[in-house]
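Here's query17.csv, which has CSV, C-alpha atoms:
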```
chain,number,residue,atom,x,y,z
A,7,MET,CA,202.8,220.4,12.3
A,8,PHE,CA,205.5,221.6,14.6
A,9,ASP,CA,207.1,224.8,13.2
A,10,GLY,CA,210.2,226.6,14.3
A,11,LYS,CA,208.5,228.9,16.8
A,12,PHE,CA,206.7,226.0,18.4
A,13,MET,CA,209.9,224.0,18.8
A,14,GLU,CA,211.6,227.1,20.3
A,15,VAL,CA,208.9,227.3,22.9
A,16,VAL,CA,209.2,223.6,23.7
A,17,SER,CA,212.9,224.0,24.1
A,18,LYS,CA,212.3,226.3,27.1
A,19,GLU,CA,211.4,224.6,30.3
A,20,GLY,CA,207.8,224.9,31.5
A,21,VAL,CA,204.7,223.0,32.5
A,22,VAL,CA,202.5,221.2,30.0
A,23,ALA,CA,198.9,220.5,30.9
A,24,ILE,CA,197.3,217.4,29.4
A,25,VAL,CA,193.5,217.6,29.6
A,26,SER,CA,191.0,214.8,29.2
A,27,CYS,CA,187.3,214.8,29.6
A,28,ALA,CA,184.6,212.2,30.1
A,29,GLU,CA,181.2,212.1,31.8
A,30,ASN,CA,181.2,215.9,31.9
A,31,GLU,CA,184.2,215.9,34.2
A,32,ALA,CA,187.6,217.2,33.1
A,33,HIS,CA,190.9,215.8,34.3
A,34,VAL,CA,194.3,217.4,33.9
A,35,VAL,CA,197.8,216.1,34.6
A,36,ASN,CA,201.1,217.9,34.1
A,37,THR,CA,204.3,217.1,32.5
A,38,TRP,CA,207.4,219.2,31.5
A,39,ASN,CA,208.3,220.7,28.1
A,40,SER,CA,211.6,218.8,28.4
A,41,TYR,CA,209.7,215.4,28.6
A,42,LEU,CA,208.1,215.8,25.2
A,43,VAL,CA,209.5,213.7,22.4
A,44,PHE,CA,208.7,214.2,18.7
A,45,PRO,CA,209.2,211.0,16.8
A,46,ASP,CA,207.6,212.4,13.6
A,47,GLU,CA,205.6,215.3,12.2
A,48,GLN,CA,202.3,214.0,13.7
A,49,ARG,CA,203.0,212.6,17.1
A,50,ILE,CA,204.2,213.5,20.6
A,51,LEU,CA,205.4,210.9,23.0
A,52,ILE,CA,205.2,211.6,26.7
A,53,PRO,CA,206.6,209.3,29.6
A,54,ALA,CA,203.7,208.3,31.9
A,55,TRP,CA,204.3,207.2,35.4
A,56,LYS,CA,200.8,207.3,37.0
A,57,MET,CA,198.2,209.2,34.8
A,58,LEU,CA,195.7,206.5,35.8
A,59,GLU,CA,192.7,208.9,35.7
A,60,THR,CA,193.8,210.2,32.3
A,61,GLU,CA,193.9,206.6,31.1
A,62,LYS,CA,190.4,206.0,32.4
A,63,LYS,CA,189.0,209.1,30.8
A,64,ILE,CA,190.5,208.4,27.4
A,65,THR,CA,189.0,204.9,27.2
A,66,GLN,CA,185.7,206.8,27.1
A,67,ASN,CA,186.8,209.8,25.1
A,68,ASN,CA,190.3,209.8,23.5
A,69,ASN,CA,190.2,213.5,22.6
A,70,VAL,CA,192.8,215.4,24.5
A,71,LEU,CA,194.0,219.0,24.7
A,72,LEU,CA,197.5,220.0,25.7
A,73,THR,CA,198.7,223.5,26.5
A,74,LEU,CA,202.2,224.8,27.0
A,75,GLY,CA,204.0,228.0,26.8
A,76,THR,CA,206.9,230.2,28.0
A,77,LYS,CA,207.4,233.9,28.8
A,78,GLU,CA,210.9,233.6,27.3
A,79,VAL,CA,209.7,233.6,23.7
A,80,GLU,CA,208.1,236.7,22.2
A,81,GLY,CA,204.5,236.1,21.3
A,82,ARG,CA,201.8,238.0,19.5
A,83,MET,CA,201.0,240.3,22.4
A,84,GLY,CA,204.5,240.9,23.8
A,85,PRO,CA,206.6,238.6,25.9
A,86,GLY,CA,205.1,235.1,26.2
A,87,THR,CA,204.0,232.5,23.7
A,88,GLY,CA,201.5,229.7,24.3
A,89,TYR,CA,200.2,226.9,22.3
A,90,LEU,CA,197.0,224.7,22.3
A,91,ILE,CA,197.4,221.3,20.9
A,92,THR,CA,194.4,219.0,20.1
A,93,GLY,CA,194.7,215.4,19.3
A,94,THR,CA,193.9,211.9,20.4
A,95,ALA,CA,195.6,209.9,23.1
A,96,LYS,CA,196.7,206.3,23.5
A,97,PHE,CA,198.9,204.5,26.0
A,98,LEU,CA,201.7,202.3,24.8
A,99,ARG,CA,203.0,199.5,27.0
A,100,LEU,CA,205.5,197.8,24.6
A,101,GLY,CA,207.2,198.2,21.3
A,102,PRO,CA,210.3,199.9,20.0
A,103,GLU,CA,209.0,203.4,20.9
A,104,PHE,CA,208.3,202.2,24.4
A,105,ASP,CA,211.9,200.9,24.7
A,106,MET,CA,213.3,204.2,23.3
A,107,MET,CA,211.3,206.2,25.8
A,108,LYS,CA,212.2,203.9,28.7
A,109,SER,CA,215.9,204.4,28.0
A,110,LYS,CA,215.4,208.2,28.4
A,111,PHE,CA,212.9,208.2,31.2
A,112,SER,CA,213.5,205.2,33.5
A,113,PHE,CA,210.7,206.2,35.9
A,114,MET,CA,207.9,205.7,33.3
A,115,THR,CA,205.6,202.8,33.2
A,116,ARG,CA,203.8,203.6,29.9
A,117,VAL,CA,204.1,206.0,27.0
A,118,LEU,CA,201.3,208.5,26.4
A,119,GLU,CA,201.2,208.8,22.6
A,120,ILE,CA,199.4,211.9,21.3
A,121,THR,CA,198.4,211.9,17.6
A,122,VAL,CA,198.1,215.6,16.9
A,123,SER,CA,195.2,217.1,14.9
A,124,SER,CA,196.1,220.8,15.4
A,125,VAL,CA,198.7,223.1,16.9
A,126,GLN,CA,197.5,226.6,17.5
A,127,GLN,CA,199.4,229.6,18.8
A,128,THR,CA,197.3,231.2,21.5
A,129,LEU,CA,199.5,234.1,22.6
B,16,MET,CA,194.5,227.3,51.3
B,17,PHE,CA,197.6,228.9,49.8
B,18,ASP,CA,200.7,227.8,51.8
B,19,GLY,CA,204.2,229.1,51.5
B,20,LYS,CA,205.4,226.6,49.0
B,21,PHE,CA,202.4,227.3,46.8
B,22,MET,CA,203.1,231.0,46.9
B,23,GLU,CA,206.7,230.4,46.1
B,24,VAL,CA,205.8,228.5,43.0
B,25,VAL,CA,203.3,231.2,41.9
B,26,SER,CA,206.0,233.8,42.3
B,27,LYS,CA,208.0,232.1,39.5
B,28,GLU,CA,206.8,232.8,36.0
B,29,GLY,CA,205.0,230.1,34.2
B,30,VAL,CA,201.9,229.0,32.3
B,31,VAL,CA,198.7,228.4,34.1
B,32,ALA,CA,196.1,226.1,32.5
B,33,ILE,CA,192.4,226.8,33.2
B,34,VAL,CA,190.3,223.8,32.3
B,35,SER,CA,186.5,223.7,31.9
B,36,CYS,CA,184.3,221.0,30.7
B,37,ALA,CA,180.7,220.7,29.5
B,38,GLU,CA,178.9,218.4,27.1
B,39,ASN,CA,181.7,215.9,27.3
B,40,GLU,CA,184.2,218.4,25.8
B,41,ALA,CA,187.0,220.0,27.6
B,42,HIS,CA,188.3,223.5,27.0
B,43,VAL,CA,191.5,225.0,28.2
B,44,VAL,CA,192.9,228.5,28.2
B,45,ASN,CA,196.2,229.8,29.6
B,46,THR,CA,197.3,232.6,31.7
B,47,TRP,CA,200.5,233.4,33.5
B,48,ASN,CA,201.5,232.8,37.1
B,49,SER,CA,202.2,236.6,37.4
B,50,TYR,CA,198.5,237.4,36.5
B,51,LEU,CA,197.0,235.5,39.5
B,52,VAL,CA,195.8,237.8,42.3
B,53,PHE,CA,194.9,236.4,45.7
B,54,PRO,CA,192.3,238.7,47.4
B,55,ASP,CA,191.8,236.3,50.4
B,56,GLU,CA,192.4,232.8,51.5
B,57,GLN,CA,189.7,231.2,49.3
B,58,ARG,CA,189.8,233.0,46.0
B,59,ILE,CA,191.9,233.7,42.9
B,60,LEU,CA,191.2,236.6,40.6
B,61,ILE,CA,192.4,236.3,37.0
B,62,PRO,CA,192.2,239.0,34.3
B,63,ALA,CA,190.1,237.8,31.4
B,64,TRP,CA,190.4,239.2,27.9
B,65,LYS,CA,188.6,236.7,25.6
B,66,MET,CA,188.0,233.4,27.4
B,67,LEU,CA,184.6,233.3,25.6
B,68,GLU,CA,184.5,229.5,25.3
B,69,THR,CA,185.4,229.2,29.0
B,70,GLU,CA,182.5,231.5,29.9
B,71,LYS,CA,180.2,229.4,27.8
B,72,LYS,CA,181.3,226.1,29.4
B,73,ILE,CA,181.0,227.4,33.0
B,74,THR,CA,177.4,228.5,32.4
B,75,GLN,CA,176.7,224.8,32.0
B,76,ASN,CA,179.3,223.4,34.5
B,77,ASN,CA,181.1,225.9,36.8
B,78,ASN,CA,183.6,223.4,38.1
B,79,VAL,CA,187.1,224.2,36.9
B,80,LEU,CA,190.6,222.8,37.3
B,81,LEU,CA,193.7,224.9,37.2
B,82,THR,CA,197.3,223.6,37.0
B,83,LEU,CA,200.5,225.5,37.4
B,84,GLY,CA,204.1,224.7,38.3
B,85,THR,CA,207.7,225.6,37.9
B,86,LYS,CA,211.0,223.6,37.5
B,87,GLU,CA,212.6,226.3,39.7
B,88,VAL,CA,211.2,225.0,43.0
B,89,GLU,CA,212.2,221.7,44.4
B,90,GLY,CA,209.3,219.3,44.5
B,91,ARG,CA,208.7,215.8,45.9
B,92,MET,CA,210.5,214.1,43.1
B,93,GLY,CA,213.4,216.4,42.5
B,94,PRO,CA,213.4,219.7,40.7
B,95,GLY,CA,210.0,220.9,39.8
B,96,THR,CA,206.8,221.4,41.7
B,97,GLY,CA,203.3,221.4,40.3
B,98,TYR,CA,199.8,222.1,41.7
B,99,LEU,CA,196.3,221.2,40.8
B,100,ILE,CA,193.6,223.5,42.0
B,101,THR,CA,189.9,222.7,41.9
B,102,GLY,CA,187.2,225.2,42.3
B,103,THR,CA,184.2,227.0,40.8
B,104,ALA,CA,184.4,229.8,38.4
B,105,LYS,CA,182.4,233.0,37.8
B,106,PHE,CA,183.0,236.1,35.6
B,107,LEU,CA,182.8,239.5,37.2
B,108,ARG,CA,182.0,242.5,35.1
B,109,LEU,CA,181.8,245.3,37.7
B,110,GLY,CA,182.4,246.0,41.4
B,111,PRO,CA,185.4,247.1,43.5
B,112,GLU,CA,187.4,243.9,42.7
B,113,PHE,CA,186.8,244.5,39.0
B,114,ASP,CA,188.1,248.0,39.3
B,115,MET,CA,191.1,246.9,41.3
B,116,MET,CA,192.0,244.3,38.7
B,117,LYS,CA,191.4,246.7,35.8
B,118,SER,CA,193.9,249.1,37.3
B,119,LYS,CA,196.5,246.3,37.2
B,120,PHE,CA,195.6,244.7,33.9
B,121,SER,CA,194.2,247.4,31.5
B,122,PHE,CA,193.7,244.8,28.7
B,123,MET,CA,191.1,242.8,30.6
B,124,THR,CA,187.3,242.9,29.9
B,125,ARG,CA,186.2,240.8,32.8
B,126,VAL,CA,187.6,239.1,35.9
B,127,LEU,CA,187.6,235.4,36.2
B,128,GLU,CA,186.9,234.6,39.9
B,129,ILE,CA,187.9,231.2,41.1
B,130,THR,CA,186.5,230.1,44.5
B,131,VAL,CA,189.0,227.4,45.4
B,132,SER,CA,187.9,224.0,46.9
B,133,SER,CA,191.3,222.3,47.0
B,134,VAL,CA,195.0,222.9,46.3
B,135,GLN,CA,197.0,219.8,45.8
B,136,GLN,CA,200.7,219.5,45.2
B,137,THR,CA,201.1,217.0,42.3
B,138,LEU,CA,204.9,217.0,41.9
```

Could I get this structure in the form of structure tokens?
Amino acid sequence: MFDGKFMEVVSKEGVVAIVSCAENEAHVVNTWNSYLVFPDEQRILIPAWKMLETEKKITQNNNVLLTLGTKEVEGRMGPGTGYLITGTAKFLRLGPEFDMMKSKFSFMTRVLEITVSSVQQTL
Amino acid sequence: MFDGKFMEVVSKEGVVAIVSCAENEAHVVNTWNSYLVFPDEQRILIPAWKMLETEKKITQNNNVLLTLGTKEVEGRMGPGTGYLITGTAKFLRLGPEFDMMKSKFSFMTRVLEITVSSVQQTL
């Protein structure tokens, strides 16, 4: 799911947008590329501190979109590569992956777990 | 609407997410901080090349969310500042602002005009 080019983009710092949508209203929160953890080929773990509105939205519709990118990696149309990730979201409040994440990101209160359906290079 | 800190963040390169939502489904496209043009205190102009799905969504619901940020500007919680912008969107296909944008961004086919309701520092 996560190829070399994608991991190269993630390795540069930048803003990640996490988009949820319910009742015809979108919500978006941000995190940083450097906060994304890839425990396996299918999932992304993200430390969550607040993200209360995201949590509310995903109880109604757990489909989420993430975008990220960097101008520092050459894309299809010159400098700059971006990715759109689709998947489903869940918040973890305990367990070994929660503990592993808490040891890296002491500020977090939950883990946002994204089970990825697709990763698409947009730029 | 656009204070000094906001303009400092925009002056650093990074990914902007533009989020629309209709029929309980979110859509997100990206652009770059360096593509944002501020013609006055209320609006943001963005060159649009494809953005066909965004255009479709906003005919049903013209409320959009934009996020942007950079790790290079100190925020409220250490390095990194992010902003959430809410507003309404419209596509421009002609007129003096279209021509001005076309002269800067030859690739564009339309201008995405955001009329901003709020700008909120999130980080």

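Nearest residue to chain B, choosing from A:Glu14, A:Glu103, A:Glu31, A:Glu47 and counting all atoms listed in the file: A:Glu31.
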
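Pairwise distance (atom CA of B:Asp114, atom CA of B:Lys20) equals 29.2 Å.
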
Chain A least-squares fitted onto chain B over all paired Cα atoms, as a tab-separated table (two decimals) with C-alpha atoms, in the coordinates of the input:
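Result file follows (result.tsv):
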```
chain	number	residue	atom	x	y	z
A	7	MET	CA	194.53	227.34	51.36
A	8	PHE	CA	197.60	228.82	49.81
A	9	ASP	CA	200.71	227.80	51.81
A	10	GLY	CA	204.23	229.07	51.57
A	11	LYS	CA	205.43	226.54	49.00
A	12	PHE	CA	202.46	227.23	46.79
A	13	MET	CA	203.03	230.98	46.88
A	14	GLU	CA	206.74	230.39	46.07
A	15	VAL	CA	205.75	228.48	43.00
A	16	VAL	CA	203.32	231.19	41.92
A	17	SER	CA	206.01	233.75	42.35
A	18	LYS	CA	208.00	232.10	39.53
A	19	GLU	CA	206.83	232.84	36.06
A	20	GLY	CA	205.06	230.05	34.17
A	21	VAL	CA	201.91	229.05	32.36
A	22	VAL	CA	198.65	228.32	34.15
A	23	ALA	CA	196.07	226.15	32.46
A	24	ILE	CA	192.42	226.82	33.28
A	25	VAL	CA	190.25	223.84	32.31
A	26	SER	CA	186.50	223.74	31.90
A	27	CYS	CA	184.27	220.99	30.73
A	28	ALA	CA	180.74	220.70	29.43
A	29	GLU	CA	178.90	218.37	27.05
A	30	ASN	CA	181.78	215.91	27.32
A	31	GLU	CA	184.13	218.39	25.71
A	32	ALA	CA	187.00	220.00	27.62
A	33	HIS	CA	188.26	223.51	27.01
A	34	VAL	CA	191.50	224.99	28.27
A	35	VAL	CA	192.85	228.55	28.20
A	36	ASN	CA	196.15	229.81	29.55
A	37	THR	CA	197.21	232.59	31.70
A	38	TRP	CA	200.52	233.46	33.53
A	39	ASN	CA	201.50	232.83	37.17
A	40	SER	CA	202.18	236.58	37.39
A	41	TYR	CA	198.48	237.38	36.46
A	42	LEU	CA	197.07	235.58	39.48
A	43	VAL	CA	195.78	237.73	42.29
A	44	PHE	CA	194.88	236.44	45.77
A	45	PRO	CA	192.38	238.71	47.41
A	46	ASP	CA	191.77	236.28	50.33
A	47	GLU	CA	192.41	232.76	51.55
A	48	GLN	CA	189.69	231.26	49.27
A	49	ARG	CA	189.78	233.03	45.98
A	50	ILE	CA	191.94	233.69	42.91
A	51	LEU	CA	191.24	236.52	40.57
A	52	ILE	CA	192.41	236.28	37.00
A	53	PRO	CA	192.16	239.11	34.25
A	54	ALA	CA	190.08	237.80	31.31
A	55	TRP	CA	190.36	239.31	27.92
A	56	LYS	CA	188.59	236.76	25.64
A	57	MET	CA	187.94	233.35	27.42
A	58	LEU	CA	184.56	233.33	25.66
A	59	GLU	CA	184.47	229.50	25.36
A	60	THR	CA	185.43	229.15	29.02
A	61	GLU	CA	182.53	231.45	29.86
A	62	LYS	CA	180.16	229.33	27.81
A	63	LYS	CA	181.29	226.10	29.37
A	64	ILE	CA	180.99	227.35	32.92
A	65	THR	CA	177.37	228.48	32.46
A	66	GLN	CA	176.73	224.75	32.05
A	67	ASN	CA	179.25	223.43	34.52
A	68	ASN	CA	181.10	225.91	36.81
A	69	ASN	CA	183.63	223.34	38.03
A	70	VAL	CA	187.08	224.25	36.91
A	71	LEU	CA	190.59	222.83	37.31
A	72	LEU	CA	193.73	224.91	37.17
A	73	THR	CA	197.28	223.62	36.99
A	74	LEU	CA	200.55	225.46	37.36
A	75	GLY	CA	204.04	224.71	38.24
A	76	THR	CA	207.76	225.58	37.90
A	77	LYS	CA	211.02	223.63	37.58
A	78	GLU	CA	212.66	226.31	39.75
A	79	VAL	CA	211.16	225.06	43.00
A	80	GLU	CA	212.18	221.69	44.42
A	81	GLY	CA	209.30	219.28	44.49
A	82	ARG	CA	208.67	215.84	45.85
A	83	MET	CA	210.51	214.02	43.09
A	84	GLY	CA	213.44	216.40	42.52
A	85	PRO	CA	213.46	219.69	40.69
A	86	GLY	CA	209.95	220.86	39.75
A	87	THR	CA	206.78	221.48	41.70
A	88	GLY	CA	203.24	221.48	40.32
A	89	TYR	CA	199.90	222.13	41.72
A	90	LEU	CA	196.25	221.15	40.83
A	91	ILE	CA	193.64	223.52	41.95
A	92	THR	CA	189.87	222.68	41.87
A	93	GLY	CA	187.18	225.17	42.37
A	94	THR	CA	184.27	226.96	40.79
A	95	ALA	CA	184.39	229.80	38.32
A	96	LYS	CA	182.45	233.01	37.82
A	97	PHE	CA	182.99	236.08	35.67
A	98	LEU	CA	182.83	239.50	37.21
A	99	ARG	CA	181.99	242.52	35.07
A	100	LEU	CA	181.77	245.27	37.77
A	101	GLY	CA	182.44	245.97	41.37
A	102	PRO	CA	185.38	247.07	43.45
A	103	GLU	CA	187.39	243.91	42.64
A	104	PHE	CA	186.78	244.50	38.98
A	105	ASP	CA	188.11	248.09	39.31
A	106	MET	CA	191.18	246.86	41.29
A	107	MET	CA	191.96	244.29	38.63
A	108	LYS	CA	191.40	246.75	35.78
A	109	SER	CA	193.94	249.15	37.28
A	110	LYS	CA	196.57	246.34	37.16
A	111	PHE	CA	195.60	244.73	33.91
A	112	SER	CA	194.19	247.35	31.50
A	113	PHE	CA	193.70	244.83	28.68
A	114	MET	CA	191.04	242.79	30.57
A	115	THR	CA	187.40	242.94	29.91
A	116	ARG	CA	186.19	240.74	32.82
A	117	VAL	CA	187.57	239.12	35.93
A	118	LEU	CA	187.59	235.33	36.17
A	119	GLU	CA	186.95	234.68	39.88
A	120	ILE	CA	187.89	231.19	41.07
A	121	THR	CA	186.49	230.07	44.46
A	122	VAL	CA	188.95	227.37	45.43
A	123	SER	CA	187.85	224.01	46.92
A	124	SER	CA	191.30	222.33	46.98
A	125	VAL	CA	194.97	222.94	46.29
A	126	GLN	CA	196.98	219.82	45.79
A	127	GLN	CA	200.70	219.43	45.22
A	128	THR	CA	201.16	217.07	42.30
A	129	LEU	CA	204.95	216.94	41.98
```

Give me, as an mmCIF file with C-alpha atoms, keeping the file's coordinate frame, all polymer residues having an atom no more than 7 Å from stretch 97-108 of chain B, counting all atoms listed in the file and skipping those fewer than 2 positions away in the same chain.
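Written out: around-v2.cif:
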```cif
data_model
loop_
_atom_site.group_PDB
_atom_site.id
_atom_site.type_symbol
_atom_site.label_atom_id
_atom_site.label_comp_id
_atom_site.auth_asym_id
_atom_site.auth_seq_id
_atom_site.Cartn_x
_atom_site.Cartn_y
_atom_site.Cartn_z
ATOM 1 C CA ILE B 73 181.000 227.400 33.000
ATOM 2 C CA ASN B 77 181.100 225.900 36.800
ATOM 3 C CA ASN B 78 183.600 223.400 38.100
ATOM 4 C CA VAL B 79 187.100 224.200 36.900
ATOM 5 C CA LEU B 80 190.600 222.800 37.300
ATOM 6 C CA LEU B 81 193.700 224.900 37.200
ATOM 7 C CA THR B 82 197.300 223.600 37.000
ATOM 8 C CA LEU B 83 200.500 225.500 37.400
ATOM 9 C CA GLY B 84 204.100 224.700 38.300
ATOM 10 C CA THR B 85 207.700 225.600 37.900
ATOM 11 C CA GLY B 95 210.000 220.900 39.800
ATOM 12 C CA PHE B 113 186.800 244.500 39.000
ATOM 13 C CA ARG B 125 186.200 240.800 32.800
ATOM 14 C CA VAL B 126 187.600 239.100 35.900
ATOM 15 C CA LEU B 127 187.600 235.400 36.200
ATOM 16 C CA GLU B 128 186.900 234.600 39.900
ATOM 17 C CA ILE B 129 187.900 231.200 41.100
ATOM 18 C CA THR B 130 186.500 230.100 44.500
ATOM 19 C CA VAL B 131 189.000 227.400 45.400
ATOM 20 C CA SER B 132 187.900 224.000 46.900
ATOM 21 C CA SER B 133 191.300 222.300 47.000
ATOM 22 C CA VAL B 134 195.000 222.900 46.300
ATOM 23 C CA GLN B 135 197.000 219.800 45.800
ATOM 24 C CA GLN B 136 200.700 219.500 45.200
ATOM 25 C CA THR B 137 201.100 217.000 42.300
ATOM 26 C CA LEU B 138 204.900 217.000 41.900
#
```

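The coordinates place atom CA of B:Phe122 at 27.6 Å from atom CA of A:Ile24.
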
Residues of chain B that have any atom at most 6 Å from an atom of chain A: could you tabulate them with the shortest-distance atom pair and the distance in Å to one decimal, using only C-alpha atoms, ordered by chain and increasing number, as CSV?
```
residue,atom,partner,partner_atom,distance
B:Val30,CA,A:Gly75,CA,6.0
B:Cys36,CA,A:Ala32,CA,5.6
B:Ala37,CA,A:Asn30,CA,5.4
B:Glu38,CA,A:Asn30,CA,5.9
B:Asn39,CA,A:Asn30,CA,4.6
B:Ala41,CA,A:Cys27,CA,5.6
```

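Residue nearest B:Pro54, chosen from B:Pro94, B:Leu109, B:Phe17, B:Ser26 and counting only C-alpha atoms: B:Phe17.
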
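Put simply, atom CA of B:Leu51 is 15.4 Å away from atom CA of B:Gly19.
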